[in-house]
Amino acid sequence: MKYSAHTGLRSRMQTSPWIILGSTVILLIVVIVFAVQNSHREKKYMSQLMSTKGAALIRAVEAGARAGMMGMLWGGKQIQRLLEETGRLPDVLYMAVVDENGIVVAHSDPSKIDAPFRQNRKLIHLGPDLIENWELVDLGAGRRSFEVHRHFRPLLTDGDDEGQHMQGTMHRHMMGPVAADDWFAPQNRQLLLIVVGLDVDPFEAATREDIRTTVVMSAIILLAGFGGFVSLFWMHSYRAAKRSLQDTSAFADELVTHLPVGLIATDQAGQITFFNAAAETITGLRAVLVKGQKVGGLLPANLCGIEQSLNRGKTITEQETECTFSDGRTVPLSISAARIINEVDEFIGQVLILRDLREVRRLQADVRRQENLAALGKLAAGVAHEIRNPLSSIKGLASFFADQFDDGSEAKAAAGVMINEVDRLNRAISELLDFARPTDLKLQSIDLAPLLGRSIQLIQQDAANQNVRIDLSVAENICPVRIDPDRFNQCLLNLYLNAIQAMADGGTLRIACDAENDRHMRITISDTGQGIAADHLGKIFDPYFTTKNKGTGLGLAVVHKIVEAHGANLNVESIPDQGTTMTIQFPCNPNSA
């Protein structure tokens, strides 16, 4: 199963609504609890407020009665008038004094005196004497009253200090007693309750308004919370998408930057916007210098011949061509190119893919050479076998005739030339057989420094005769390699002699051995001779190709074959009239310490 950043993001998008739903439900529960608690708190507050108001009215009536009794001898009639006046206050529905049997003895509505205060219900004060109680009472016709009631005590009992003080005050003012039939007379005094009925409509209106406010606030909190959750989810999704995009972008940038092919992208104006490392290697240009410049001014004429095709809207696929860049290098390339069109058919730029064909061409040349060598080897083996026997006979006859003539005679000289030519032909056949014979190596792990020293001793005289100076340089800690010393020495001698012969007027032969990296070492053989023409470089390892007047053209072909048999590489660089450099790259012996 394939997984991508988009797949993970899509999975999060599918599961997140459940998270939002759960969070919303939790928020809804919190809001409901908050609304209920707020409603209860408001009801409690309003109850306390109305209870306090009722208690204040009761205490005001009691205080008025107490003050009236101090100044004049008040009785039930005066308290009745006080209740009537108090009952006219706003929000006061009624006030009444009720005896212990529930009969009204005084009322703000005189018509209700001597009637039961409640039908089928006895008013009982359950709390302590001076503590007010309250209850909501249904008055019928959709009306309700907030009743506050407690014991009615305008005067304390005679046994109390305050009551005795008040009685004493009344006697000092020479006030007479209250009428004997008055319900408020001391001899008629019984357990009385005073009741205040307050209009509950303002209380309920305030409660409804508070509920509406609570509902509105709860809705706002719910919507704000829901919006917050949605915003958090969107923010999370945005960050996840951003991280995914950044990861994808980084992956894509890393991928295209290290592609083994050159990648060049341009904008609408033809200015370079992307130039990867492979493009730098192929073109010899640096990305930091070419970005923002016109691609036509950097690449060879008309983008190596593809610009016209691109302008006509054609897509170029693997078109092989040769481009000569500003540094003079001619590189065989395979070019693919296309115009970039967005979803609304707008042109936004071009993309060019450059593939270096030098290695491909080299491998193709190697394959062709191997095929030619294989065919030539089979032919050479047969021809050498057929020619060598007649050559032996010819040489024998030439030697016989040479012995028949006097020294210095033309006939004896002609026989000598025949013998020399037969020897030269025999050497060519021997080289041909060496070339055609399978390379059988006897590999050993050896140190190259002594081998190089011995090989130079063999060509010192040839170098001295040609006025060539030899310069040997061997780096320290060169890794051992597995080679066949005899066959590899043969390679070195061929390369040395070719270099010496290329320096007809003298020069310097430099041999260097150093480490290329941790796993490879190299031997470099350089001369200051006449060099090799560029059109000959690709042919010097072909059999029988030579630019010398005397030579078979098999020397470098044999060298190349032996080097390849060792698993090494042989590269050549040459500049006419300046010299040639041969480089042999060897893998280190993996078993060496």
# chains A, B, ... in the order shown; residues from 1 in each chain; ligands from 1

call {"tool": "residues_around", "arguments": {"residues": "Asp403 (chain A)", "least_positions_apart": "5", "cutoff": "10 Å", "atoms": "only C-alpha atoms", "output": "list of chain:residue names"}}
result
A:Leu397, A:Ala398, A:Lys412, A:Ala415

call {"tool": "residues_around", "arguments": {"residues": "region 574-588 of chain A", "least_positions_apart": "6", "cutoff": "9 Å", "atoms": "only C-alpha atoms", "output": "VMD selection string"}}
result
chain A and resid 478 to 482 495 499 502 to 503 516 518 to 534 537 563 566 to 568

call {"tool": "residues_around", "arguments": {"residues": "region 47-54 of chain A", "least_positions_apart": "5", "cutoff": "12 Å", "atoms": "only C-alpha atoms", "output": "compact mmCIF listing (two decimals) with all heavy atoms, in the first residue's frame"}}
result
# COMPACT_ATOMS: atom_id res chain seq x y z
N HIS A 40 -30.48 29.96 38.45
CA HIS A 40 -30.69 29.71 39.87
C HIS A 40 -30.13 30.85 40.72
O HIS A 40 -30.75 31.27 41.72
CB HIS A 40 -30.06 28.40 40.28
CG HIS A 40 -30.79 27.20 39.74
ND1 HIS A 40 -30.29 25.92 39.81
CD2 HIS A 40 -31.98 27.09 39.10
CE1 HIS A 40 -31.14 25.08 39.26
NE2 HIS A 40 -32.17 25.76 38.81
N ARG A 41 -28.99 31.33 40.33
CA ARG A 41 -28.38 32.42 41.10
C ARG A 41 -29.24 33.68 41.03
O ARG A 41 -29.44 34.37 42.03
CB ARG A 41 -26.97 32.70 40.55
CG ARG A 41 -26.23 33.77 41.33
CD ARG A 41 -24.79 33.92 40.87
NE ARG A 41 -24.71 34.31 39.47
CZ ARG A 41 -24.35 33.51 38.50
NH1 ARG A 41 -24.02 32.24 38.77
NH2 ARG A 41 -24.30 33.93 37.25
N GLU A 42 -29.78 33.97 39.85
CA GLU A 42 -30.63 35.14 39.70
C GLU A 42 -31.93 34.99 40.49
O GLU A 42 -32.42 35.93 41.12
CB GLU A 42 -30.93 35.39 38.22
CG GLU A 42 -29.72 35.85 37.41
CD GLU A 42 -29.16 37.16 37.92
OE1 GLU A 42 -29.96 38.02 38.35
OE2 GLU A 42 -27.93 37.33 37.89
N ARG A 59 -41.23 45.49 59.10
CA ARG A 59 -40.57 46.23 60.18
C ARG A 59 -41.02 47.70 60.18
O ARG A 59 -41.10 48.34 61.24
CB ARG A 59 -39.06 46.13 60.03
CG ARG A 59 -38.55 44.71 60.23
CD ARG A 59 -37.03 44.63 60.04
NE ARG A 59 -36.59 43.25 60.09
CZ ARG A 59 -36.32 42.58 61.22
NH1 ARG A 59 -36.47 43.21 62.38
NH2 ARG A 59 -35.93 41.32 61.17
N ALA A 60 -41.29 48.24 58.98
CA ALA A 60 -41.78 49.62 58.93
C ALA A 60 -43.15 49.74 59.59
O ALA A 60 -43.43 50.70 60.33
CB ALA A 60 -41.84 50.08 57.48
N VAL A 61 -44.03 48.76 59.31
CA VAL A 61 -45.36 48.78 59.94
C VAL A 61 -45.22 48.64 61.45
O VAL A 61 -45.86 49.36 62.25
CB VAL A 61 -46.25 47.67 59.35
CG1 VAL A 61 -47.54 47.53 60.16
CG2 VAL A 61 -46.57 47.99 57.90
N THR A 86 -49.99 51.53 53.68
CA THR A 86 -48.83 50.76 53.16
C THR A 86 -49.23 49.94 51.95
O THR A 86 -48.42 49.76 51.01
CB THR A 86 -48.29 49.84 54.27
OG1 THR A 86 -48.00 50.61 55.43
CG2 THR A 86 -47.02 49.14 53.81
N GLY A 87 -50.45 49.43 51.90
CA GLY A 87 -50.90 48.63 50.75
C GLY A 87 -50.98 49.42 49.47
O GLY A 87 -51.10 48.84 48.39
N LEU A 89 -48.57 51.28 48.38
CA LEU A 89 -47.22 51.42 47.82
C LEU A 89 -47.08 50.58 46.54
O LEU A 89 -47.74 49.56 46.38
CB LEU A 89 -46.18 50.95 48.85
CG LEU A 89 -46.04 51.81 50.12
CD1 LEU A 89 -45.08 51.14 51.10
CD2 LEU A 89 -45.57 53.21 49.76
N PRO A 90 -46.20 51.00 45.61
CA PRO A 90 -45.99 50.22 44.37
C PRO A 90 -45.50 48.81 44.69
O PRO A 90 -44.71 48.60 45.64
CB PRO A 90 -44.92 51.01 43.62
CG PRO A 90 -45.00 52.40 44.19
CD PRO A 90 -45.40 52.24 45.62
N ASP A 91 -45.97 47.87 43.91
CA ASP A 91 -45.58 46.46 43.98
C ASP A 91 -46.11 45.77 45.24
O ASP A 91 -45.80 44.60 45.47
CB ASP A 91 -44.04 46.29 43.94
CG ASP A 91 -43.44 46.82 42.66
OD1 ASP A 91 -44.16 46.83 41.66
OD2 ASP A 91 -42.25 47.20 42.68
N VAL A 92 -46.91 46.48 46.09
CA VAL A 92 -47.49 45.83 47.26
C VAL A 92 -48.94 45.48 46.92
O VAL A 92 -49.76 46.37 46.63
CB VAL A 92 -47.45 46.75 48.49
CG1 VAL A 92 -48.13 46.07 49.69
CG2 VAL A 92 -46.01 47.11 48.84
N LEU A 93 -49.24 44.19 46.91
CA LEU A 93 -50.60 43.75 46.59
C LEU A 93 -51.51 43.83 47.81
O LEU A 93 -52.67 44.24 47.71
CB LEU A 93 -50.56 42.32 46.05
CG LEU A 93 -49.82 42.13 44.72
CD1 LEU A 93 -49.84 40.65 44.32
CD2 LEU A 93 -50.44 42.98 43.62
N TYR A 94 -50.96 43.45 48.92
CA TYR A 94 -51.76 43.49 50.15
C TYR A 94 -50.85 43.33 51.34
O TYR A 94 -49.73 42.84 51.21
CB TYR A 94 -52.84 42.39 50.16
CG TYR A 94 -52.30 41.00 49.89
CD1 TYR A 94 -51.75 40.23 50.92
CD2 TYR A 94 -52.34 40.45 48.62
CE1 TYR A 94 -51.26 38.97 50.67
CE2 TYR A 94 -51.85 39.19 48.37
CZ TYR A 94 -51.31 38.44 49.39
OH TYR A 94 -50.81 37.19 49.15
N MET A 95 -51.39 43.74 52.52
CA MET A 95 -50.77 43.48 53.80
C MET A 95 -51.88 43.10 54.76
O MET A 95 -52.99 43.66 54.73
CB MET A 95 -50.02 44.70 54.35
CG MET A 95 -48.72 45.01 53.62
SD MET A 95 -47.70 46.20 54.52
CE MET A 95 -47.15 45.22 55.89
N ILE A 131 -37.79 35.77 62.44
CA ILE A 131 -37.25 35.43 61.13
C ILE A 131 -38.40 35.38 60.13
O ILE A 131 -39.42 34.73 60.36
CB ILE A 131 -36.52 34.08 61.16
CG1 ILE A 131 -35.36 34.14 62.13
CG2 ILE A 131 -36.04 33.72 59.76
CD1 ILE A 131 -34.33 35.17 61.81
N GLU A 132 -38.23 36.09 58.99
CA GLU A 132 -39.27 36.11 57.96
C GLU A 132 -39.15 34.86 57.09
O GLU A 132 -38.05 34.43 56.76
CB GLU A 132 -39.13 37.36 57.07
CG GLU A 132 -39.35 38.68 57.78
CD GLU A 132 -38.12 39.16 58.53
OE1 GLU A 132 -37.03 38.54 58.36
OE2 GLU A 132 -38.22 40.14 59.30
N ASN A 133 -40.30 34.35 56.72
CA ASN A 133 -40.39 33.27 55.74
C ASN A 133 -41.09 33.81 54.51
O ASN A 133 -41.84 34.80 54.59
CB ASN A 133 -41.16 32.07 56.30
CG ASN A 133 -40.29 31.23 57.23
OD1 ASN A 133 -39.08 31.41 57.27
ND2 ASN A 133 -40.91 30.34 57.99
N TRP A 134 -40.88 33.15 53.38
CA TRP A 134 -41.57 33.59 52.17
C TRP A 134 -42.01 32.39 51.37
O TRP A 134 -41.48 31.28 51.50
CB TRP A 134 -40.68 34.50 51.33
CG TRP A 134 -39.45 33.81 50.78
CD1 TRP A 134 -38.23 33.75 51.35
CD2 TRP A 134 -39.35 33.10 49.53
NE1 TRP A 134 -37.36 33.04 50.59
CE2 TRP A 134 -38.03 32.63 49.44
CE3 TRP A 134 -40.26 32.82 48.51
CZ2 TRP A 134 -37.58 31.89 48.35
CZ3 TRP A 134 -39.81 32.09 47.42
CH2 TRP A 134 -38.48 31.63 47.35
N GLU A 135 -42.98 32.63 50.50
CA GLU A 135 -43.48 31.60 49.59
C GLU A 135 -44.20 32.28 48.43
O GLU A 135 -44.65 33.42 48.55
CB GLU A 135 -44.42 30.64 50.31
CG GLU A 135 -45.67 31.29 50.87
CD GLU A 135 -46.58 30.29 51.57
OE1 GLU A 135 -46.55 29.12 51.14
OE2 GLU A 135 -47.29 30.68 52.50
N LEU A 136 -44.23 31.56 47.31
CA LEU A 136 -44.98 32.04 46.14
C LEU A 136 -46.39 31.48 46.23
O LEU A 136 -46.59 30.27 46.38
CB LEU A 136 -44.30 31.59 44.85
CG LEU A 136 -43.01 32.33 44.48
CD1 LEU A 136 -42.35 31.66 43.27
CD2 LEU A 136 -43.30 33.79 44.16
N SER A 145 -48.39 35.82 43.95
CA SER A 145 -47.92 36.79 44.94
C SER A 145 -46.72 36.22 45.67
O SER A 145 -46.66 35.02 45.96
CB SER A 145 -49.04 37.12 45.94
OG SER A 145 -48.53 37.89 47.02
N PHE A 146 -45.77 37.12 45.96
CA PHE A 146 -44.61 36.76 46.75
C PHE A 146 -44.91 37.19 48.18
O PHE A 146 -44.90 38.38 48.51
CB PHE A 146 -43.36 37.47 46.22
CG PHE A 146 -42.09 37.02 46.87
CD1 PHE A 146 -41.33 35.99 46.32
CD2 PHE A 146 -41.63 37.62 48.04
CE1 PHE A 146 -40.14 35.59 46.90
CE2 PHE A 146 -40.46 37.21 48.64
CZ PHE A 146 -39.71 36.18 48.07
N GLU A 147 -45.25 36.21 49.03
CA GLU A 147 -45.66 36.50 50.40
C GLU A 147 -44.49 36.39 51.35
O GLU A 147 -43.77 35.39 51.33
CB GLU A 147 -46.78 35.56 50.84
CG GLU A 147 -48.13 35.93 50.30
CD GLU A 147 -49.24 35.10 50.94
OE1 GLU A 147 -48.92 34.26 51.81
OE2 GLU A 147 -50.41 35.30 50.57
N VAL A 148 -44.37 37.41 52.20
CA VAL A 148 -43.39 37.39 53.28
C VAL A 148 -44.18 37.50 54.59
O VAL A 148 -45.04 38.40 54.73
CB VAL A 148 -42.41 38.56 53.15
CG1 VAL A 148 -41.38 38.51 54.29
CG2 VAL A 148 -41.70 38.53 51.80
N HIS A 149 -43.95 36.62 55.54
CA HIS A 149 -44.70 36.65 56.79
C HIS A 149 -43.82 36.24 57.96
O HIS A 149 -42.85 35.52 57.78
CB HIS A 149 -45.92 35.74 56.70
CG HIS A 149 -45.57 34.33 56.31
ND1 HIS A 149 -45.56 33.91 54.99
CD2 HIS A 149 -45.18 33.26 57.05
CE1 HIS A 149 -45.21 32.65 54.94
NE2 HIS A 149 -44.97 32.23 56.17
N ARG A 150 -44.17 36.77 59.12
CA ARG A 150 -43.56 36.38 60.37
C ARG A 150 -44.47 36.83 61.50
O ARG A 150 -45.52 37.44 61.30
CB ARG A 150 -42.15 36.95 60.51
CG ARG A 150 -42.06 38.42 60.75
CD ARG A 150 -40.62 38.75 61.15
NE ARG A 150 -40.38 40.17 61.22
CZ ARG A 150 -40.67 40.92 62.30
NH1 ARG A 150 -41.28 40.38 63.35
NH2 ARG A 150 -40.39 42.21 62.31
N ILE A 194 -48.06 38.71 60.58
CA ILE A 194 -48.22 39.80 59.61
C ILE A 194 -47.73 39.30 58.26
O ILE A 194 -46.68 38.68 58.16
CB ILE A 194 -47.48 41.06 60.05
CG1 ILE A 194 -47.73 42.20 59.05
CG2 ILE A 194 -45.99 40.83 60.25
CD1 ILE A 194 -47.27 43.55 59.54
N VAL A 195 -48.52 39.55 57.25
CA VAL A 195 -48.24 39.04 55.91
C VAL A 195 -48.17 40.21 54.93
O VAL A 195 -49.03 41.10 54.96
CB VAL A 195 -49.33 38.05 55.45
CG1 VAL A 195 -49.00 37.50 54.08
CG2 VAL A 195 -49.47 36.91 56.45
N VAL A 196 -47.14 40.18 54.08
CA VAL A 196 -47.00 41.15 53.00
C VAL A 196 -47.05 40.40 51.68
O VAL A 196 -46.27 39.46 51.46
CB VAL A 196 -45.68 41.93 53.11
CG1 VAL A 196 -45.55 42.92 51.95
CG2 VAL A 196 -45.60 42.67 54.42
N GLY A 197 -47.96 40.77 50.83
CA GLY A 197 -48.03 40.18 49.49
C GLY A 197 -47.47 41.14 48.45
O GLY A 197 -48.01 42.23 48.25
N LEU A 198 -46.38 40.76 47.82
CA LEU A 198 -45.71 41.61 46.82
C LEU A 198 -46.03 41.11 45.42
O LEU A 198 -46.17 39.90 45.19
CB LEU A 198 -44.20 41.60 47.05
CG LEU A 198 -43.73 42.11 48.43
CD1 LEU A 198 -42.21 41.95 48.55
CD2 LEU A 198 -44.11 43.57 48.63
N ASP A 199 -46.12 42.09 44.52
CA ASP A 199 -46.40 41.74 43.12
C ASP A 199 -45.19 40.99 42.55
O ASP A 199 -44.06 41.51 42.57
CB ASP A 199 -46.68 43.00 42.33
CG ASP A 199 -47.20 42.70 40.94
OD1 ASP A 199 -47.32 41.50 40.60
OD2 ASP A 199 -47.47 43.66 40.19
N VAL A 200 -45.43 39.78 42.04
CA VAL A 200 -44.34 38.96 41.52
C VAL A 200 -44.05 39.22 40.06
O VAL A 200 -43.05 38.73 39.52
CB VAL A 200 -44.66 37.45 41.74
CG1 VAL A 200 -45.63 36.94 40.68
CG2 VAL A 200 -43.39 36.62 41.74
N ASP A 201 -44.91 40.02 39.38
CA ASP A 201 -44.70 40.26 37.93
C ASP A 201 -43.35 40.92 37.63
O ASP A 201 -42.63 40.48 36.72
CB ASP A 201 -45.84 41.11 37.38
CG ASP A 201 -47.14 40.32 37.26
OD1 ASP A 201 -47.05 39.07 37.32
OD2 ASP A 201 -48.22 40.93 37.13
N PRO A 202 -42.96 41.98 38.36
CA PRO A 202 -41.62 42.54 38.08
C PRO A 202 -40.50 41.52 38.30
O PRO A 202 -39.52 41.49 37.56
CB PRO A 202 -41.53 43.71 39.07
CG PRO A 202 -42.93 44.07 39.36
CD PRO A 202 -43.70 42.79 39.35
N PHE A 203 -40.71 40.69 39.35
CA PHE A 203 -39.71 39.65 39.63
C PHE A 203 -39.62 38.67 38.47
O PHE A 203 -38.53 38.34 37.99
CB PHE A 203 -40.10 38.95 40.93
CG PHE A 203 -39.33 37.68 41.18
CD1 PHE A 203 -38.00 37.72 41.56
CD2 PHE A 203 -39.94 36.44 41.03
CE1 PHE A 203 -37.30 36.56 41.80
CE2 PHE A 203 -39.24 35.29 41.26
CZ PHE A 203 -37.92 35.33 41.65
N GLU A 204 -40.80 38.22 38.00
CA GLU A 204 -40.80 37.25 36.89
C GLU A 204 -40.32 37.90 35.59
O GLU A 204 -39.64 37.25 34.78
CB GLU A 204 -42.19 36.67 36.72
CG GLU A 204 -42.60 35.78 37.89
CD GLU A 204 -43.98 35.17 37.69
OE1 GLU A 204 -44.75 35.74 36.89
OE2 GLU A 204 -44.29 34.15 38.33
N ALA A 206 -38.17 40.34 35.37
CA ALA A 206 -36.71 40.42 35.48
C ALA A 206 -36.06 39.05 35.29
O ALA A 206 -35.00 38.92 34.66
CB ALA A 206 -36.32 41.00 36.85
N THR A 207 -36.74 38.01 35.81
CA THR A 207 -36.21 36.65 35.64
C THR A 207 -36.21 36.24 34.18
O THR A 207 -35.24 35.66 33.67
CB THR A 207 -37.03 35.66 36.48
OG1 THR A 207 -36.98 36.04 37.85
CG2 THR A 207 -36.49 34.24 36.32

call {"tool": "residues_around", "arguments": {"residues": "Leu493 (chain A)", "least_positions_apart": "3", "cutoff": "9 Å", "atoms": "only C-alpha atoms", "output": "list of chain:residue names"}}
result
A:Ser455, A:Ile456, A:Leu458, A:Ile459, A:Phe488, A:Asn489, A:Gln490, A:Tyr496, A:Leu497, A:Asn498

call {"tool": "write_last_selection", "arguments": {"atoms": "N, CA and C atoms", "output": "compact mmCIF listing (two decimals), in the first residue's frame"}}
result
# COMPACT_ATOMS: atom_id res chain seq x y z
N SER A 455 60.70 -0.60 -13.70
CA SER A 455 60.30 -0.35 -15.09
C SER A 455 61.03 0.85 -15.68
N ILE A 456 61.33 1.86 -14.87
CA ILE A 456 62.04 3.04 -15.37
C ILE A 456 63.49 2.70 -15.71
N LEU A 458 64.55 0.14 -17.12
CA LEU A 458 64.61 -0.52 -18.43
C LEU A 458 64.59 0.46 -19.59
N ILE A 459 64.11 1.70 -19.36
CA ILE A 459 64.02 2.64 -20.49
C ILE A 459 64.92 3.87 -20.29
N PHE A 488 51.73 -6.22 -16.46
CA PHE A 488 51.60 -4.79 -16.19
C PHE A 488 52.89 -4.06 -16.53
N ASN A 489 54.03 -4.69 -16.29
CA ASN A 489 55.31 -4.08 -16.67
C ASN A 489 55.37 -3.90 -18.18
N GLN A 490 54.79 -4.85 -18.93
CA GLN A 490 54.72 -4.73 -20.39
C GLN A 490 53.91 -3.49 -20.78
N TYR A 496 55.78 4.12 -21.78
CA TYR A 496 57.02 4.90 -21.68
C TYR A 496 57.62 5.14 -23.06
N LEU A 497 57.75 4.06 -23.86
CA LEU A 497 58.40 4.16 -25.17
C LEU A 497 57.61 5.06 -26.10
N ASN A 498 56.26 4.97 -26.06
CA ASN A 498 55.44 5.86 -26.89
C ASN A 498 55.68 7.31 -26.51

call {"tool": "atom_distance", "arguments": {"atom1": "CA of Pro116 (chain A)", "atom2": "CA of Arg81 (chain A)"}}
result
19.8 Å
